[in-house]
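Source file: protein24.cif (mmCIF, C-alpha atoms)
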```cif
data_protein
loop_
_atom_site.label_atom_id
_atom_site.label_comp_id
_atom_site.auth_asym_id
_atom_site.auth_seq_id
_atom_site.Cartn_x
_atom_site.Cartn_y
_atom_site.Cartn_z
CA MET C 20 -29.39 -2.75 36.61
CA ARG C 21 -32.61 -2.88 34.63
CA ALA C 22 -32.63 0.91 34.18
CA ARG C 23 -29.02 0.80 32.95
CA ASN C 24 -29.88 -1.94 30.45
CA LYS C 25 -32.85 0.07 29.18
CA GLN C 26 -30.67 3.16 28.80
CA ALA C 27 -28.00 1.14 26.98
CA THR C 28 -30.63 -0.25 24.58
CA ARG C 29 -32.02 3.23 24.01
CA GLU C 30 -28.54 4.60 23.27
CA ALA C 31 -27.71 1.69 20.95
CA ILE C 32 -30.87 2.27 18.93
CA GLY C 33 -30.19 5.99 18.74
CA ALA C 34 -26.57 5.47 17.67
CA ALA C 35 -27.66 3.01 14.99
CA ALA C 36 -30.31 5.42 13.67
CA LEU C 37 -27.82 8.29 13.47
CA ARG C 38 -25.11 6.15 11.87
CA LEU C 39 -27.46 4.78 9.21
CA ALA C 40 -28.84 8.21 8.37
CA LEU C 41 -25.31 9.61 8.00
CA GLU C 42 -24.16 6.67 5.88
CA ARG C 43 -27.01 7.21 3.42
CA GLY C 44 -26.15 10.83 2.66
CA PRO C 45 -28.00 14.15 2.79
CA ASP C 46 -31.48 12.61 2.55
CA GLY C 47 -30.43 9.49 4.42
CA LEU C 48 -33.02 9.70 7.16
CA ALA C 49 -35.86 9.35 4.66
CA SER C 50 -34.46 6.03 3.42
CA VAL C 51 -33.82 4.51 6.85
CA ARG C 52 -36.53 2.09 7.94
CA VAL C 53 -37.33 0.99 11.47
CA ARG C 54 -36.33 -2.56 10.53
CA ASP C 55 -32.89 -1.26 9.40
CA ILE C 56 -32.34 0.59 12.66
CA ALA C 57 -33.48 -2.33 14.81
CA GLU C 58 -31.21 -4.75 12.94
CA ALA C 59 -28.21 -2.42 13.23
CA ALA C 60 -28.85 -2.02 16.97
CA GLY C 61 -29.31 -5.76 17.50
CA VAL C 62 -32.91 -5.50 18.68
CA ALA C 63 -36.31 -6.50 17.34
CA PRO C 64 -38.46 -3.89 15.56
CA ARG C 65 -40.96 -4.24 18.39
CA THR C 66 -38.23 -3.30 20.89
CA TYR C 67 -37.45 -0.23 18.78
CA ASN C 68 -41.14 0.75 18.92
CA ASN C 69 -41.12 0.42 22.72
CA TYR C 70 -38.45 3.13 22.89
CA PHE C 71 -39.18 5.51 20.02
CA SER C 72 -42.20 6.74 18.13
CA SER C 73 -40.22 8.03 15.14
CA ARG C 74 -36.86 7.84 13.39
CA GLU C 75 -36.30 11.51 14.18
CA GLU C 76 -36.73 10.86 17.89
CA ALA C 77 -34.25 7.98 17.71
CA VAL C 78 -31.63 10.04 15.86
CA CYS C 79 -31.90 12.86 18.43
CA VAL C 80 -31.82 10.64 21.52
CA PHE C 81 -28.28 11.64 22.49
CA LEU C 82 -29.24 15.32 22.36
CA ASN C 83 -32.38 14.63 24.38
CA ASP C 84 -30.34 12.81 27.02
CA GLN C 85 -27.78 15.62 27.18
CA ALA C 86 -30.45 18.28 27.56
CA ARG C 87 -32.16 16.33 30.36
CA ARG C 88 -28.86 16.09 32.29
CA LEU C 89 -28.23 19.84 32.30
CA GLY C 90 -30.20 20.60 35.49
CA ALA C 91 -28.43 17.81 37.39
CA ALA C 92 -25.06 19.02 36.09
CA LEU C 93 -25.80 22.50 37.45
CA ARG C 94 -26.76 21.07 40.84
CA ALA C 95 -23.44 19.20 40.93
CA ARG C 96 -21.37 22.38 40.55
CA PRO C 97 -19.65 23.81 43.68
CA TRP C 98 -22.12 25.87 45.70
CA GLY C 99 -19.86 28.95 45.99
CA GLU C 100 -19.34 29.24 42.24
CA PRO C 101 -21.11 32.28 40.71
CA LEU C 102 -24.32 31.28 38.96
CA GLY C 103 -23.25 32.31 35.44
CA GLU C 104 -19.96 30.44 35.75
CA ALA C 105 -21.73 27.38 37.16
CA ILE C 106 -24.23 27.34 34.29
CA ALA C 107 -21.46 27.67 31.70
CA ALA C 108 -19.36 24.93 33.32
CA ALA C 109 -22.37 22.60 33.56
CA ALA C 110 -23.31 23.20 29.92
CA VAL C 111 -19.74 22.60 28.75
CA ASP C 112 -19.59 19.38 30.78
CA VAL C 113 -22.85 18.15 29.24
CA PHE C 114 -22.62 19.35 25.64
CA ALA C 115 -18.90 19.72 24.88
CA ASP C 116 -17.21 16.85 26.70
CA PRO C 117 -16.60 14.99 24.48
CA GLU C 118 -16.63 17.31 21.46
CA PRO C 119 -19.85 16.81 19.46
CA ASP C 120 -19.75 14.80 16.24
CA ARG C 121 -19.86 17.51 13.54
CA ALA C 122 -21.54 15.34 10.91
CA GLY C 123 -24.30 14.15 13.23
CA LEU C 124 -24.92 17.59 14.73
CA SER C 125 -24.91 19.16 11.27
CA MET C 126 -27.57 16.72 10.09
CA ILE C 127 -29.71 17.44 13.16
CA MET C 128 -29.37 21.20 12.76
CA SER C 129 -30.09 21.19 9.01
CA ALA C 130 -32.95 18.70 8.59
CA PRO C 131 -36.26 20.38 9.54
CA ALA C 132 -37.75 17.27 11.17
CA LEU C 133 -34.61 16.71 13.24
CA ARG C 134 -34.41 20.38 14.19
CA GLY C 135 -37.92 20.03 15.55
CA GLU C 136 -36.85 17.07 17.70
CA ALA C 137 -33.84 19.04 18.93
CA LEU C 138 -36.07 21.97 19.90
CA LYS C 139 -38.35 19.58 21.74
CA ALA C 140 -35.36 18.19 23.67
CA PHE C 141 -34.27 21.66 24.75
CA ALA C 142 -37.81 22.65 25.69
CA MET C 143 -38.07 19.57 27.92
CA ALA C 144 -34.78 20.52 29.58
CA GLU C 145 -35.84 24.06 30.47
CA GLU C 146 -38.09 23.18 33.41
CA PRO C 147 -35.55 21.05 35.33
CA LEU C 148 -32.83 23.58 34.52
CA ALA C 149 -35.03 26.44 35.78
CA ALA C 150 -35.65 24.47 38.99
CA ALA C 151 -31.90 23.99 39.47
CA ILE C 152 -31.27 27.70 38.81
CA ALA C 153 -33.97 28.72 41.30
CA GLU C 154 -32.61 26.32 43.93
CA ARG C 155 -29.07 27.56 43.48
CA ALA C 156 -30.13 31.22 43.53
CA GLY C 157 -32.46 30.75 46.50
CA VAL C 158 -35.59 31.98 44.75
CA ASP C 159 -39.04 30.45 44.27
CA ARG C 160 -38.94 27.99 41.39
CA ARG C 161 -42.13 29.56 40.03
CA ALA C 162 -40.40 32.95 39.66
CA LEU C 163 -39.96 34.29 36.15
CA SER C 164 -36.18 34.83 36.24
CA PRO C 165 -35.15 31.15 36.50
CA ALA C 166 -37.43 30.22 33.59
CA VAL C 167 -36.10 33.06 31.43
CA THR C 168 -32.51 32.17 32.30
CA ALA C 169 -33.13 28.50 31.44
CA ALA C 170 -34.65 29.50 28.09
CA ALA C 171 -31.66 31.77 27.41
CA VAL C 172 -29.28 28.90 28.16
CA ALA C 173 -31.14 26.55 25.78
CA GLY C 174 -31.08 29.23 23.09
CA ALA C 175 -27.38 29.87 23.64
CA VAL C 176 -26.56 26.18 23.25
CA ARG C 177 -28.49 26.03 19.97
CA ALA C 178 -26.88 29.25 18.69
CA ALA C 179 -23.42 28.00 19.66
CA ALA C 180 -24.02 24.77 17.75
CA SER C 181 -25.13 26.65 14.62
CA HIS C 182 -22.16 29.01 14.81
CA TRP C 183 -19.71 26.17 15.42
CA LEU C 184 -21.01 24.24 12.43
CA ALA C 185 -20.91 27.29 10.13
CA GLY C 186 -17.18 27.91 10.56
CA PRO C 187 -14.77 26.20 8.14
CA ASP C 188 -12.10 25.85 10.83
CA PRO C 189 -13.95 26.21 14.12
CA ALA C 190 -12.59 26.66 17.58
CA PRO C 191 -13.33 23.82 19.99
CA PHE C 192 -17.06 23.64 20.70
CA ALA C 193 -16.43 24.30 24.41
CA GLU C 194 -14.98 27.73 23.56
CA VAL C 195 -17.87 28.65 21.29
CA LEU C 196 -20.37 27.45 23.89
CA ARG C 197 -18.73 29.45 26.69
CA GLU C 198 -18.81 32.57 24.50
CA ALA C 199 -22.49 32.09 23.68
CA LEU C 200 -23.39 31.47 27.32
CA GLY C 201 -21.36 34.50 28.40
CA THR C 202 -23.53 36.59 26.09
CA ALA C 203 -26.79 35.02 27.24
CA VAL C 204 -26.21 34.64 30.98
CA SER C 205 -24.37 37.22 33.03
CA PRO C 206 -22.62 36.04 36.22
CA ARG C 207 -25.70 37.22 38.14
CA PRO C 208 -28.78 37.46 35.89
CA SER C 209 -31.21 40.22 36.74
CA GLY C 210 -33.63 39.19 39.45
CA LEU C 211 -31.51 36.32 40.71
CA PRO C 212 -29.64 37.07 43.95
CA HIS C 213 -26.19 35.65 44.42
CA PRO C 214 -26.52 32.58 46.69
#
```
Give the structure from the file, written as structure tokens.
Amino acid sequence: MRARNKQATREAIGAAALRLALERGPDGLASVRVRDIAEAAGVAPRTYNNYFSSREEAVCVFLNDQARRLGAALRARPWGEPLGEAIAAAAVDVFADPEPDRAGLSMIMSAPALRGEALKAFAMAEEPLAAAIAERAGVDRRALSPAVTAAAVAGAVRAAASHWLAGPDPAPFAEVLREALGTAVSPRPSGLPHP
């Protein structure tokens, strides 16, 4: 119960930070103060500081949480499913259901400080994803192939987001993400035996 309350507080602060930054326009993040975010989330500034060290970190919390769930989502896929299909399905479940908010994702992908936070989130996700890939493929988790595959998946998600945002009338994000992952991860990446 306590962990759920902490997660709910974290999400509320992150949602408030993103909403305020979007409301204030292209340079909105620069004008958002910690006090503003805390007030909008219904918490004290000290509570905000217990969860986040920067506004950028708060704005990107949803992306950080999604990236951290990717390894667990892969482990939850049916065992007989080919690895490439399982990775794509897990990524779509995590990043495309529900469809991302275009305005929020656009801000994150265009503001240099937020892009840095997004890259950090994906980098933190690579190790647990590589472990899940190694487990599923039946190889040593210290092998190179799972780490390379995890990095390719993270890169494909970022590339899919950029491509999706660039189109004036984009396809659903799930379709773009599946296409990107199909390019990055074959059904049986080199060096990974089929389980």
Near Pro147 in chain C, counting only C-alpha atoms, which residues have an atom at most 9 Å away, once you skip same-chain residues fewer than 2 positions from it, shown as a PyMOL selection string?
chain C and resi 87-91+143-145+149-152+169
Kindly export the residues of the current selection with C-alpha atoms, as a PDB file, in the coordinates of the input.
```
ATOM      1  CA  ARG C  87     -32.160  16.330  30.360  1.00  0.00           C
ATOM      2  CA  ARG C  88     -28.860  16.090  32.290  1.00  0.00           C
ATOM      3  CA  LEU C  89     -28.230  19.840  32.300  1.00  0.00           C
ATOM      4  CA  GLY C  90     -30.200  20.600  35.490  1.00  0.00           C
ATOM      5  CA  ALA C  91     -28.430  17.810  37.390  1.00  0.00           C
ATOM      6  CA  MET C 143     -38.070  19.570  27.920  1.00  0.00           C
ATOM      7  CA  ALA C 144     -34.780  20.520  29.580  1.00  0.00           C
ATOM      8  CA  GLU C 145     -35.840  24.060  30.470  1.00  0.00           C
ATOM      9  CA  ALA C 149     -35.030  26.440  35.780  1.00  0.00           C
ATOM     10  CA  ALA C 150     -35.650  24.470  38.990  1.00  0.00           C
ATOM     11  CA  ALA C 151     -31.900  23.990  39.470  1.00  0.00           C
ATOM     12  CA  ILE C 152     -31.270  27.700  38.810  1.00  0.00           C
ATOM     13  CA  ALA C 169     -33.130  28.500  31.440  1.00  0.00           C
TER      14      ALA C 169
END
```
Evaluate the PyMOL selection byres ((chain C and resi 82) around 10) and report residues as a PDB file with C-alpha atoms, keeping the file's coordinate frame:
```pdb
ATOM      1  CA  GLU C  76     -36.730  10.860  17.890  1.00  0.00           C
ATOM      2  CA  VAL C  78     -31.630  10.040  15.860  1.00  0.00           C
ATOM      3  CA  CYS C  79     -31.900  12.860  18.430  1.00  0.00           C
ATOM      4  CA  VAL C  80     -31.820  10.640  21.520  1.00  0.00           C
ATOM      5  CA  PHE C  81     -28.280  11.640  22.490  1.00  0.00           C
ATOM      6  CA  ASN C  83     -32.380  14.630  24.380  1.00  0.00           C
ATOM      7  CA  ASP C  84     -30.340  12.810  27.020  1.00  0.00           C
ATOM      8  CA  GLN C  85     -27.780  15.620  27.180  1.00  0.00           C
ATOM      9  CA  ALA C  86     -30.450  18.280  27.560  1.00  0.00           C
ATOM     10  CA  ARG C  87     -32.160  16.330  30.360  1.00  0.00           C
ATOM     11  CA  ARG C  88     -28.860  16.090  32.290  1.00  0.00           C
ATOM     12  CA  VAL C 113     -22.850  18.150  29.240  1.00  0.00           C
ATOM     13  CA  PHE C 114     -22.620  19.350  25.640  1.00  0.00           C
ATOM     14  CA  PRO C 119     -19.850  16.810  19.460  1.00  0.00           C
ATOM     15  CA  LEU C 124     -24.920  17.590  14.730  1.00  0.00           C
ATOM     16  CA  ILE C 127     -29.710  17.440  13.160  1.00  0.00           C
ATOM     17  CA  GLU C 136     -36.850  17.070  17.700  1.00  0.00           C
ATOM     18  CA  ALA C 137     -33.840  19.040  18.930  1.00  0.00           C
ATOM     19  CA  LEU C 138     -36.070  21.970  19.900  1.00  0.00           C
ATOM     20  CA  ALA C 140     -35.360  18.190  23.670  1.00  0.00           C
ATOM     21  CA  PHE C 141     -34.270  21.660  24.750  1.00  0.00           C
TER      22      PHE C 141
END
```
From the list C:Ala27, C:Ala153, C:Asp112, C:Ile32, the nearest residue to Ala63 in chain C using all atoms listed in the file is C:Ile32
*Gap from CA of Ala166 in chain C to CA of Ser129 in chain C - Å, one decimal*: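 Straight-line distance from CA of Ala166 in chain C to CA of Ser129 in chain C works out to 27.2 Å.
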How far is it from CA of Asp46 in chain C to CA of Ala175 in chain C, in Å with one decimal?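 Distance between the two atoms: 27.6 Å.
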Step by step, gather every atom of range 89-108 of chain C that the file lists, find the box along x, y and z that holds them, add 6 Å on each side, and finally give centre and edge lengths in Å to one decimal, as AutoDock Vina command-line options.
```
--center_x -24.8 --center_y 25.1 --center_z 38.8 --size_x 22.9 --size_y 26.5 --size_z 26.3
```
(Q) Env of Ala110 in chain C: 12 Å cut, atoms = all atoms listed in the file, seq-sep filter 6 positions within chain, self excluded. Answer as a count of residues only. (A) 37
**9 Å contact set for Glu75 in chain C, all atoms listed in the file, chain neighbours under 6 positions out, as number ranges by chain** = C: 36, 48, 127, 132-133, 135-136
Exercise. Please measure the separation of CA of Ala35 in chain C and CA of Glu118 in chain C, giving the value in Å to one decimal.
Key: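 Interatomic distance, CA of Ala35 in chain C to CA of Glu118 in chain C: 19.2 Å.
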